Amino acid sequence: MSREEEKPNTPNPGFTVESPRPDPASLVVPAEEEVISEDLHARRLAERLGLDFIDLKDFQIDNDLFRSIPVDLMFRYNFIPCRRGEDGLLVVIDDPSDVLKLDELEVLLNTRIQLSVATASAIQEILKKSESSQRVLEEATEGFRLQLVQEDEEGEEQLSIDKLTGDESPIIKLVDSTIFNALQRRASDIHIETREREVVIKYRVDGVLYPAMEPIDKKFHSTIISRIKVMSDLDIAEKRIPQDGRFKIRVKNRGIDFRVSIMPSIHGEDAVIRILDKQSANESFRDLNLSVLGFTQEELKKFRKFIWEPYGMVLVTGPTGSGKTTTLYAAISEIKSDEVKIITIEDPVEYQLPGITQIPVNEKKGLTFSRGLRSILRHDPDKIMVGEIRDEETAHIAIQSALTGHLVFTTVHANNVVDVLGRFLNMKVEPYNFVSALNCVLAQRLVRNICASCKREIQVDPVTLEESGLDPELATTHKFYEGKGCIECNGTGYRGRMAIAELLNMSDSIREMILARKSASEIKRVAQEEGMLTLRDSALARVLEGKTTLKEINKVTFVE
């Protein structure tokens, strides 16, 4: 590192050409500056040391330069390379006052380094979003393909970048790196699919599957599955029947739970690992409310009215992965207080809500939804949440609970609000009790948001609009958007999801039609006349608002 005391006459924009050793006296932080934001602290530190502060919001990654530097060094020393010039390597680092660390870095990189300053969190975000975490996986895969080492069943629980780049068994390194990379990419599930000649690993991000890496040779399949079974405490000798398990690992002092399902297929066993990041979820769930889920103001106003009713049943419906449980959690978070007792029974309890009694179903031990619900009623609750109604007995008890002064939140699998009515009536539920207990039915789906960082205006073909049930004239009178694809969204053009919904208000006319066993089409027509927006209408409104795309809504709703 250069030791010149003066800055050059023609500095590079955004970077210092030479990085002087910081004077220790200049590093003393005055008392009035002790409680300041991370951004302000980094700016003042850079100014005090005569270095430039870099705002990394619009940072453009040089992929070739990134690939030339060991990924574990970037994570360990928390820096990102910017440009290699005649005077050395320009890097952005969060703590230029750590002289020993900088000397180590120069030695390890075998080059002179020049410094600029950014916040630690901004540097970490760049490392997460860049292909650096993907490189960990690629390097693990490459090592795995070279040789197959007998797996080590005593794998550490602690998962860190040092472990992923250390001298581990290739099998352990591959599985650990796959999990680490999935966490960096906000994946909700890891799918390991076995094919005739290869093993394919995919991540589900925002509800859509993406390949995690190049396919792996089929001969390594059984060892990968065995490693996952060992982590989940499953029988590695049993390969003919499905097995379910779970395991927990620690990443950066944060415990993360994983649910594992192993299933035999014609080419061998497949595995799906569900990621349950409870600590991360608890941070967001602390401020969770219905406003952040994506509902329109009109839908929110109506739905909030129903969740504040003193008794009755609030029913949420939709396929697996449509956000039903999150909606119920948000509703409960809004109405909970010290004055009411709320008890939930779920299978499983995915996220823990403070101040609420949560019971996990355990069918092996005889704790079913119906048995648990009977016990809950003896604990004098005000509000009850039943994770899912699966059978007649649970349906009967839930309806009786709603009729006897309890507010019951629950879910059921159905395609729309009208299908729910038929589903319950087929469970041999007394129609009069059912319509008397029901406050409302909310059907929902999740659609991906257009990435705000790469959102751009596009021209839509009038034929496409007509096929989607919209006026072709909108092609010239309205603006449509899509995501180009950037580092923020992993090149997909989408980031995050929001809910679209249809809300059926159990008015007197709707109740009478259900009791008269009118057809679903008639009930739907009357509901729309009374102001119900269908799922398709709700989805099209989000497209016209510029929040999502026609392609996205056409995947989850039908043209009516």
# chains A, B, ... in the order shown; residues from 1 in each chain; ligands from 1
call {"tool": "residues_around", "arguments": {"residues": "Glu473 (chain A)", "least_positions_apart": "4", "cutoff": "12 Å", "atoms": "only C-alpha atoms", "output": "VMD selection string"}}
result
chain A and resid 460 to 466 469 477 to 479
call {"tool": "residues_around", "arguments": {"residues": "Pro381 (chain A)", "least_positions_apart": "6", "cutoff": "10 Å", "atoms": "only C-alpha atoms", "output": "ChimeraX atom specification"}}
result
/A:340-344,357,405-407
call {"tool": "residues_around", "arguments": {"residues": "Leu288 (chain A)", "least_positions_apart": "5", "cutoff": "8 Å", "atoms": "only C-alpha atoms", "output": "list of chain:residue names"}}
result
A:Tyr329, A:Ala330, A:Ser333
call {"tool": "residues_around", "arguments": {"residues": "Lys455 (chain A)", "least_positions_apart": "2", "cutoff": "9 Å", "atoms": "only C-alpha atoms", "output": "MDAnalysis selection string"}}
result
chainID A and resid 450:453 457 481:485 493:494
call {"tool": "residues_around", "arguments": {"residues": "Ser538 (chain A)", "least_positions_apart": "6", "cutoff": "10 Å", "atoms": "only C-alpha atoms", "output": "PyMOL selection string"}}
result
chain A and resi 295-296+299+444+499-502+532+553+557
call {"tool": "write_last_selection", "arguments": {"atoms": "C-alpha atoms", "output": "CSV table (one decimal), in the first residue's frame"}}
result
chain,number,residue,atom,x,y,z
A,295,PHE,CA,-54.5,-5.8,-1.0
A,296,THR,CA,-56.3,-2.8,-2.3
A,299,GLU,CA,-60.4,-5.0,0.1
A,444,GLN,CA,-56.2,-15.3,-2.8
A,499,ALA,CA,-51.5,-10.8,-2.9
A,500,ILE,CA,-54.5,-10.6,-5.2
A,501,ALA,CA,-57.8,-11.5,-3.7
A,502,GLU,CA,-61.6,-11.9,-4.1
A,532,MET,CA,-67.3,-8.4,-5.4
A,553,ILE,CA,-51.2,-12.9,-13.9
A,557,THR,CA,-55.8,-16.6,-13.0
call {"tool": "residues_around", "arguments": {"residues": "Glu214 (chain A)", "least_positions_apart": "2", "cutoff": "10 Å", "atoms": "only C-alpha atoms", "output": "list in words"}}
result
Glu138, Thr141, Glu198, Val199, Val200, Ile201, Lys202, Pro211, Ala212, Ile216 and Asp217 of chain A
call {"tool": "write_last_selection", "arguments": {"atoms": "N, CA, C and O atoms", "output": "mmCIF file, in the first residue's frame"}}
result
data_model
loop_
_atom_site.group_PDB
_atom_site.id
_atom_site.type_symbol
_atom_site.label_atom_id
_atom_site.label_comp_id
_atom_site.auth_asym_id
_atom_site.auth_seq_id
_atom_site.Cartn_x
_atom_site.Cartn_y
_atom_site.Cartn_z
ATOM 1 N N GLU A 138 -20.369 -23.144 -7.273
ATOM 2 C CA GLU A 138 -19.692 -23.697 -8.447
ATOM 3 C C GLU A 138 -18.374 -24.367 -8.055
ATOM 4 O O GLU A 138 -18.049 -25.454 -8.544
ATOM 5 N N THR A 141 -19.116 -27.591 -6.399
ATOM 6 C CA THR A 141 -19.546 -28.584 -7.380
ATOM 7 C C THR A 141 -18.359 -29.117 -8.159
ATOM 8 O O THR A 141 -18.258 -30.304 -8.424
ATOM 9 N N GLU A 198 -28.819 -37.792 -14.792
ATOM 10 C CA GLU A 198 -28.286 -36.632 -14.078
ATOM 11 C C GLU A 198 -29.154 -36.281 -12.874
ATOM 12 O O GLU A 198 -30.277 -36.774 -12.732
ATOM 13 N N VAL A 199 -28.602 -35.437 -12.017
ATOM 14 C CA VAL A 199 -29.328 -34.898 -10.867
ATOM 15 C C VAL A 199 -29.405 -33.385 -11.055
ATOM 16 O O VAL A 199 -28.389 -32.730 -11.298
ATOM 17 N N VAL A 200 -30.610 -32.849 -10.967
ATOM 18 C CA VAL A 200 -30.829 -31.413 -11.170
ATOM 19 C C VAL A 200 -31.225 -30.780 -9.838
ATOM 20 O O VAL A 200 -32.120 -31.285 -9.153
ATOM 21 N N ILE A 201 -30.555 -29.699 -9.467
ATOM 22 C CA ILE A 201 -30.873 -28.972 -8.232
ATOM 23 C C ILE A 201 -31.449 -27.619 -8.610
ATOM 24 O O ILE A 201 -30.870 -26.879 -9.413
ATOM 25 N N LYS A 202 -32.619 -27.288 -8.022
ATOM 26 C CA LYS A 202 -33.309 -26.040 -8.334
ATOM 27 C C LYS A 202 -33.663 -25.304 -7.045
ATOM 28 O O LYS A 202 -33.824 -25.919 -5.998
ATOM 29 N N PRO A 211 -32.817 -23.151 -11.976
ATOM 30 C CA PRO A 211 -31.696 -24.075 -11.763
ATOM 31 C C PRO A 211 -30.622 -23.437 -10.897
ATOM 32 O O PRO A 211 -30.271 -22.266 -11.095
ATOM 33 N N ALA A 212 -30.112 -24.181 -9.929
ATOM 34 C CA ALA A 212 -29.091 -23.647 -9.023
ATOM 35 C C ALA A 212 -27.702 -23.776 -9.609
ATOM 36 O O ALA A 212 -26.814 -22.994 -9.295
ATOM 37 N N ILE A 216 -25.703 -32.478 -12.264
ATOM 38 C CA ILE A 216 -24.640 -33.288 -11.667
ATOM 39 C C ILE A 216 -24.772 -34.722 -12.156
ATOM 40 O O ILE A 216 -25.887 -35.217 -12.395
ATOM 41 N N ASP A 217 -23.652 -35.390 -12.278
ATOM 42 C CA ASP A 217 -23.655 -36.781 -12.750
ATOM 43 C C ASP A 217 -24.503 -37.674 -11.838
ATOM 44 O O ASP A 217 -24.435 -37.564 -10.614
#
call {"tool": "residues_around", "arguments": {"residues": "Thr548 (chain A)", "least_positions_apart": "5", "cutoff": "7 Å", "atoms": "only C-alpha atoms", "output": "list in words"}}
result
Arg448, Asn449, Ile450, Arg542 and Val543 of chain A
call {"tool": "write_last_selection", "arguments": {"atoms": "N, CA, C and O atoms", "output": "short mmCIF file (atom, residue, chain, number, x, y, z; two decimals), in the first residue's frame"}}
result
data_model
loop_
_atom_site.label_atom_id
_atom_site.label_comp_id
_atom_site.auth_asym_id
_atom_site.auth_seq_id
_atom_site.Cartn_x
_atom_site.Cartn_y
_atom_site.Cartn_z
N ARG A 448 -45.91 -12.02 -8.72
CA ARG A 448 -44.63 -11.36 -8.50
C ARG A 448 -44.70 -9.87 -8.89
O ARG A 448 -45.35 -9.50 -9.86
N ASN A 449 -43.98 -9.06 -8.09
CA ASN A 449 -43.87 -7.63 -8.38
C ASN A 449 -42.79 -7.39 -9.43
O ASN A 449 -41.75 -8.07 -9.43
N ILE A 450 -43.00 -6.41 -10.28
CA ILE A 450 -41.94 -5.98 -11.18
C ILE A 450 -40.81 -5.37 -10.34
O ILE A 450 -41.06 -4.60 -9.42
N ARG A 542 -53.87 -4.71 -10.95
CA ARG A 542 -52.46 -4.57 -10.60
C ARG A 542 -51.60 -4.34 -11.84
O ARG A 542 -50.59 -3.64 -11.79
N VAL A 543 -51.99 -4.97 -12.96
CA VAL A 543 -51.25 -4.75 -14.21
C VAL A 543 -51.41 -3.30 -14.67
O VAL A 543 -50.44 -2.63 -15.04
#
call {"tool": "select_by_dssp", "arguments": {"residues": "region 426-531 of chain A", "states": "strand (DSSP E)", "output": "count of residues only"}}
result
33
call {"tool": "select_by_dssp", "arguments": {"residues": "region 420-451 of chain A", "states": "alpha helix (DSSP H)", "output": "list in words"}}
result
Val420, Leu421, Gly422, Arg423, Phe424, Leu425, Pro431, Tyr432, Asn433, Phe434, Val435, Ser436 and Ala437 of chain A
call {"tool": "closest_residue", "arguments": {"among": "A:Val251, A:Cys82, A:Ala516, A:Leu51", "to": "Ser177 (chain A)", "atoms": "only C-alpha atoms"}}
result
A:Val251
call {"tool": "atom_distance", "arguments": {"atom1": "CA of Glu350 (chain A)", "atom2": "CA of Arg423 (chain A)"}}
result
25.8 Å
call {"tool": "atom_distance", "arguments": {"atom1": "CA of Val559 (chain A)", "atom2": "CA of Leu290 (chain A)"}}
result
27.2 Å
